[in-house]
Amino acid sequence: MLILNQKEVEQLLTMPKCIDIMRDTLSALARGEATMPLRTVFGIPDGAFAVMPSALANPSCVGAKIITVLPKNHGTRYDAHQGAVLLFDTENGSLLAVMDATSITTIRTAAVSGVATDALAKKNATSLAILGAGVQGHSHLDAICAVRPIKTLRIWSRNRANGETLAKVARDKYELDVTVVDSGRDAVQNVDVICATTSSTEPVLLGEWLTPGTHINAVGASQRHAREVDSAVVVKSRLYVDRRESALKEPGDILVPLNDGDIGPDHIVGEIGELLIGRAPGRRDREEITLFKSLGLAVEDLAAARHVYERAVAANVGTRVELGGVRHASR
């Protein structure tokens with residue numbers, strides 16, 4: 001069994017490559033080439049424990065991500081999502097690898113937003129707003145800059161110091177014209193792409209602030225009681241999700257307007273994978289507002305882990321441990 005730590009995973013999983021992997025994986029999911037039950041989540045003190053199993057047909061792999069989610073970790077040295085991704089051999093059932101889940105979650109989440117942005121945002125989008133300057137704010141900067149020629153960036157963060165840190169990264173790494181602003185409203189008006197990457201349980205993006213033609217990635221909220229965008233954002237937008245089944249059961253962003261009767265289940269235009277394979281329509285004109293509600297899927301973690309494992313083996317990276325699993329003759 002191969003063990004890969006956070007630093008090793010980050011070295012092996014680049015954002016451009018992860019975007020390509022997520023594009024292929026979401027397409028495979030839409031074609032029915034993946035098995036993925038709903039994740040199992042139950043409450044623990046101050047957070048949740050989640051098990052996310054899945055299997056892919058090509059490349060053939062099976063595994064699970066097992067994590068704790070503790071929102072109270074925001075602002076501390078610990079990430080809010082911690083755990084491991086377990087990758088198994090489909091031929092003999094052996095455990096091939098255990099790898100850090102924090103890094104995989106961070107990179108693949110933003111990579112999926114990159115896929116959605118590439119599919120839905122205006123082709124000449126050059127302006128970006130990021131709400132929330134934590135881990136996902138940084139990874140979404142990389143993802144959106146990988147798919148669009150971003151020139152200007154506005155950042156809003158409840159912690160201005162975090163916003164200034166992200167601004168410096170954007171200037172140094174991408175030579176962007178960056179402004180750290182005092183409100184979400186100031187950040188999002190007249191921009192082409194918005195990424196909501198906060199830990200907020202109350203809306204940080206309101207529909208009355210939106211400009212025609214904007215594409216939105218709503219990433220931070222994944223529980224029934226939490227939402228980053230208000231109902232007006234959802235009503236105004238052509239709504240896309242990573243998986244319908246999950247989107248209609250888990251995020252407050254969708255469940256609140258659904259339960260209030262502001263939208264129906266058919267307000268979801270399609271899954272991103274369906275859009276990629278031509279089964280769902282995309283943006284119809286430059287004035288439409290599009291919204292991608294991201295929840296994160298086990299199959300995304302699995303595909304990323306498979307790529308990391310293959311690269312690690314080729315580069316002789318990681319630590320080998322003899323776990324067992326061999327049948328003894330006496331048995």
# chains A, B, ... in the order shown; residues from 1 in each chain; ligands from 1
call {"tool": "residues_around", "arguments": {"residues": "A:Ala125", "least_positions_apart": "2", "cutoff": "7 Å", "atoms": "only C-alpha atoms", "output": "PyMOL selection string"}}
result
chain A and resi 121-123+127+148-150+192
call {"tool": "write_last_selection", "arguments": {"atoms": "N, CA and C atoms", "output": "mmCIF file, in the first residue's frame"}}
result
data_model
loop_
_atom_site.group_PDB
_atom_site.id
_atom_site.type_symbol
_atom_site.label_atom_id
_atom_site.label_comp_id
_atom_site.auth_asym_id
_atom_site.auth_seq_id
_atom_site.Cartn_x
_atom_site.Cartn_y
_atom_site.Cartn_z
ATOM 1 N N ALA A 121 -19.413 30.339 -18.795
ATOM 2 C CA ALA A 121 -19.084 31.766 -18.793
ATOM 3 C C ALA A 121 -18.864 32.270 -20.216
ATOM 4 N N LYS A 122 -19.026 33.573 -20.390
ATOM 5 C CA LYS A 122 -18.748 34.171 -21.692
ATOM 6 C C LYS A 122 -17.299 33.877 -22.080
ATOM 7 N N LYS A 123 -17.083 33.620 -23.354
ATOM 8 C CA LYS A 123 -15.762 33.218 -23.819
ATOM 9 C C LYS A 123 -14.715 34.299 -23.600
ATOM 10 N N SER A 127 -13.034 39.499 -16.136
ATOM 11 C CA SER A 127 -13.116 40.019 -14.774
ATOM 12 C C SER A 127 -13.699 38.967 -13.835
ATOM 13 N N ARG A 148 -9.996 31.084 -18.400
ATOM 14 C CA ARG A 148 -10.387 32.370 -18.978
ATOM 15 C C ARG A 148 -9.238 33.373 -18.829
ATOM 16 N N PRO A 149 -9.119 34.325 -19.759
ATOM 17 C CA PRO A 149 -8.028 35.309 -19.712
ATOM 18 C C PRO A 149 -8.327 36.435 -18.716
ATOM 19 N N ILE A 150 -8.343 36.085 -17.445
ATOM 20 C CA ILE A 150 -8.704 37.049 -16.404
ATOM 21 C C ILE A 150 -7.645 38.163 -16.312
ATOM 22 N N ASP A 192 -17.588 39.416 -14.794
ATOM 23 C CA ASP A 192 -17.982 38.313 -15.671
ATOM 24 C C ASP A 192 -18.172 37.005 -14.921
#
call {"tool": "closest_atom_pairs", "arguments": {"of": "stretch 213-289 of chain A", "to": "stretch 297-305 of chain A", "cutoff": "10 Å", "atoms": "only C-alpha atoms", "output": "tab-separated table"}}
result
residue	atom	partner	partner_atom	distance
A:Asp242	CA	A:Leu297	CA	7.5
A:Arg243	CA	A:Leu297	CA	7.9
A:Ser246	CA	A:Leu297	CA	8.8
call {"tool": "residues_around", "arguments": {"residues": "A:Asp79", "least_positions_apart": "6", "cutoff": "12 Å", "atoms": "only C-alpha atoms", "output": "PDB file with C-alpha atoms, in the first residue's frame"}}
result
ATOM      1  CA  GLN A   6      -0.567  16.434   1.615  1.00  0.00           C
ATOM      2  CA  ILE A  67     -13.487  12.964   6.148  1.00  0.00           C
ATOM      3  CA  THR A  68     -14.413  15.115   9.090  1.00  0.00           C
ATOM      4  CA  VAL A  69     -15.909  18.551   8.458  1.00  0.00           C
ATOM      5  CA  LEU A  70     -15.393  21.067  11.255  1.00  0.00           C
ATOM      6  CA  PRO A  71     -16.325  24.641  10.305  1.00  0.00           C
ATOM      7  CA  LYS A  72     -14.789  25.882  13.559  1.00  0.00           C
ATOM      8  CA  ASN A  73     -11.362  25.205  12.031  1.00  0.00           C
ATOM      9  CA  ASP A 100      -4.438  13.067   2.029  1.00  0.00           C
ATOM     10  CA  ALA A 101      -7.998  14.200   1.349  1.00  0.00           C
ATOM     11  CA  THR A 102      -7.532  17.886   2.169  1.00  0.00           C
ATOM     12  CA  SER A 103      -5.351  18.515  -0.870  1.00  0.00           C
ATOM     13  CA  THR A 105     -10.678  18.199  -2.034  1.00  0.00           C
ATOM     14  CA  THR A 106      -9.081  21.636  -2.397  1.00  0.00           C
ATOM     15  CA  GLY A 134      -9.588  31.105   2.347  1.00  0.00           C
ATOM     16  CA  VAL A 135      -8.267  27.884   0.851  1.00  0.00           C
ATOM     17  CA  GLN A 136     -10.949  27.682  -1.825  1.00  0.00           C
ATOM     18  CA  SER A 199     -17.934  29.223   5.052  1.00  0.00           C
TER      19      SER A 199
END
call {"tool": "closest_residue", "arguments": {"among": "A:Tyr309, A:Tyr240, A:Phe49, A:Trp209", "to": "A:Ile66", "atoms": "only C-alpha atoms"}}
result
A:Phe49
call {"tool": "atom_distance", "arguments": {"atom1": "atom CA of A:Val62", "atom2": "atom CA of A:Pro37"}}
result
12.5 Å
call {"tool": "closest_residue", "arguments": {"among": "A:Gly261, A:Pro59, A:Gly213, A:Gly220", "to": "A:Arg284", "atoms": "only C-alpha atoms"}}
result
A:Gly213
call {"tool": "select_by_dssp", "arguments": {"residues": "stretch 128-187 of chain A", "states": "helix (DSSP H, G or I)", "output": "MDAnalysis selection string"}}
result
chainID A and resid 135:147 160:174 184:187
call {"tool": "write_last_selection", "arguments": {"atoms": "N, CA and C atoms", "output": "CSV table (one decimal), in the first residue's frame"}}
result
chain,number,residue,atom,x,y,z
A,135,VAL,N,-8.9,28.9,1.7
A,135,VAL,CA,-8.3,27.9,0.9
A,135,VAL,C,-8.9,27.8,-0.5
A,136,GLN,N,-10.3,27.8,-0.5
A,136,GLN,CA,-10.9,27.7,-1.8
A,136,GLN,C,-10.9,29.0,-2.6
A,137,GLY,N,-10.7,30.1,-2.0
A,137,GLY,CA,-10.5,31.3,-2.7
A,137,GLY,C,-9.2,31.3,-3.5
A,138,HIS,N,-8.2,30.8,-2.9
A,138,HIS,CA,-6.9,30.6,-3.6
A,138,HIS,C,-7.0,29.6,-4.7
A,139,SER,N,-7.6,28.4,-4.5
A,139,SER,CA,-7.6,27.4,-5.5
A,139,SER,C,-8.5,27.8,-6.7
A,140,HIS,N,-9.6,28.6,-6.4
A,140,HIS,CA,-10.4,29.1,-7.4
A,140,HIS,C,-9.8,30.1,-8.3
A,141,LEU,N,-8.9,30.9,-7.7
A,141,LEU,CA,-8.1,31.8,-8.5
A,141,LEU,C,-7.3,31.1,-9.6
A,142,ASP,N,-6.7,30.0,-9.2
A,142,ASP,CA,-5.9,29.2,-10.1
A,142,ASP,C,-6.8,28.6,-11.2
A,143,ALA,N,-8.0,28.1,-10.8
A,143,ALA,CA,-8.9,27.4,-11.7
A,143,ALA,C,-9.5,28.3,-12.7
A,144,ILE,N,-9.9,29.5,-12.3
A,144,ILE,CA,-10.6,30.4,-13.3
A,144,ILE,C,-9.6,31.0,-14.2
A,145,CYS,N,-8.4,31.3,-13.7
A,145,CYS,CA,-7.3,31.8,-14.6
A,145,CYS,C,-6.8,30.7,-15.6
A,146,ALA,N,-7.1,29.5,-15.3
A,146,ALA,CA,-6.7,28.4,-16.2
A,146,ALA,C,-7.6,28.3,-17.4
A,147,VAL,N,-8.9,28.8,-17.3
A,147,VAL,CA,-9.9,28.6,-18.3
A,147,VAL,C,-10.3,29.9,-19.0
A,160,ARG,N,-10.1,40.9,6.3
A,160,ARG,CA,-9.4,41.7,5.2
A,160,ARG,C,-7.9,41.3,5.0
A,161,ALA,N,-7.3,40.8,6.1
A,161,ALA,CA,-5.9,40.4,5.9
A,161,ALA,C,-5.8,39.2,5.0
A,162,ASN,N,-6.8,38.3,5.1
A,162,ASN,CA,-6.8,37.1,4.1
A,162,ASN,C,-7.0,37.6,2.7
A,163,GLY,N,-7.9,38.6,2.5
A,163,GLY,CA,-8.1,39.2,1.2
A,163,GLY,C,-6.8,39.8,0.7
A,164,GLU,N,-6.1,40.5,1.5
A,164,GLU,CA,-4.8,41.1,1.0
A,164,GLU,C,-3.8,40.1,0.6
A,165,THR,N,-3.8,39.0,1.4
A,165,THR,CA,-2.9,37.9,1.0
A,165,THR,C,-3.2,37.3,-0.3
A,166,LEU,N,-4.5,37.0,-0.6
A,166,LEU,CA,-4.9,36.5,-1.9
A,166,LEU,C,-4.6,37.5,-3.0
A,167,ALA,N,-4.8,38.8,-2.7
A,167,ALA,CA,-4.5,39.8,-3.7
A,167,ALA,C,-3.1,39.8,-4.1
A,168,LYS,N,-2.2,39.6,-3.1
A,168,LYS,CA,-0.7,39.6,-3.4
A,168,LYS,C,-0.4,38.4,-4.3
A,169,VAL,N,-1.0,37.2,-4.0
A,169,VAL,CA,-0.8,36.0,-4.8
A,169,VAL,C,-1.3,36.3,-6.3
A,170,ALA,N,-2.4,36.9,-6.4
A,170,ALA,CA,-3.0,37.2,-7.7
A,170,ALA,C,-2.1,38.1,-8.5
A,171,ARG,N,-1.6,39.1,-7.9
A,171,ARG,CA,-0.7,40.1,-8.6
A,171,ARG,C,0.7,39.4,-8.9
A,172,ASP,N,1.2,38.7,-8.0
A,172,ASP,CA,2.5,38.1,-8.2
A,172,ASP,C,2.5,36.9,-9.2
A,173,LYS,N,1.4,36.1,-9.1
A,173,LYS,CA,1.4,34.9,-9.9
A,173,LYS,C,0.7,35.1,-11.3
A,174,TYR,N,-0.3,36.0,-11.4
A,174,TYR,CA,-1.0,36.2,-12.6
A,174,TYR,C,-1.0,37.6,-13.2
A,184,GLY,N,-19.6,42.6,-0.3
A,184,GLY,CA,-19.8,41.7,-1.4
A,184,GLY,C,-20.4,42.4,-2.6
A,185,ARG,N,-21.3,43.4,-2.4
A,185,ARG,CA,-21.9,44.2,-3.5
A,185,ARG,C,-20.8,44.8,-4.3
A,186,ASP,N,-19.9,45.5,-3.7
A,186,ASP,CA,-18.8,46.1,-4.4
A,186,ASP,C,-18.0,45.1,-5.2
A,187,ALA,N,-17.9,43.9,-4.7
A,187,ALA,CA,-17.0,42.9,-5.4
A,187,ALA,C,-17.7,42.4,-6.7
call {"tool": "residues_around", "arguments": {"residues": "A:Leu29", "least_positions_apart": "6", "cutoff": "12 Å", "atoms": "only C-alpha atoms", "output": "VMD selection string"}}
result
chain A and resid 22 to 23 35 to 36 54 to 58 242 to 244 271 to 277 297 to 300 303
call {"tool": "write_last_selection", "arguments": {"atoms": "C-alpha atoms", "output": "CSV table (one decimal), in the first residue's frame"}}
result
chain,number,residue,atom,x,y,z
A,22,MET,CA,-12.8,16.5,-13.9
A,23,ARG,CA,-14.1,17.2,-17.4
A,35,THR,CA,-21.4,4.1,-9.5
A,36,MET,CA,-22.0,6.7,-6.8
A,54,SER,CA,-17.7,5.5,-5.7
A,55,ALA,CA,-16.5,3.5,-8.6
A,56,LEU,CA,-15.4,4.3,-12.2
A,57,ALA,CA,-15.5,2.1,-15.2
A,58,ASN,CA,-12.6,3.7,-17.1
A,242,ASP,CA,-22.8,18.5,-10.4
A,243,ARG,CA,-25.5,15.9,-9.6
A,244,ARG,CA,-29.3,16.3,-9.4
A,271,GLU,CA,-25.8,18.5,-14.6
A,272,ILE,CA,-22.4,19.8,-15.8
A,273,GLY,CA,-21.6,16.4,-17.2
A,274,GLU,CA,-24.9,16.4,-19.2
A,275,LEU,CA,-23.9,19.8,-20.6
A,276,LEU,CA,-20.5,18.5,-21.6
A,277,ILE,CA,-21.8,15.6,-23.6
A,297,LEU,CA,-18.8,14.3,-5.7
A,298,ALA,CA,-17.0,11.1,-4.5
A,299,VAL,CA,-16.3,10.2,-8.1
A,300,GLU,CA,-14.3,13.4,-8.5
A,303,ALA,CA,-10.6,10.1,-10.4
call {"tool": "residues_around", "arguments": {"residues": "A:Val308", "least_positions_apart": "3", "cutoff": "8 Å", "atoms": "only C-alpha atoms", "output": "PyMOL selection string"}}
result
chain A and resi 9+12-13+304-305+311-312
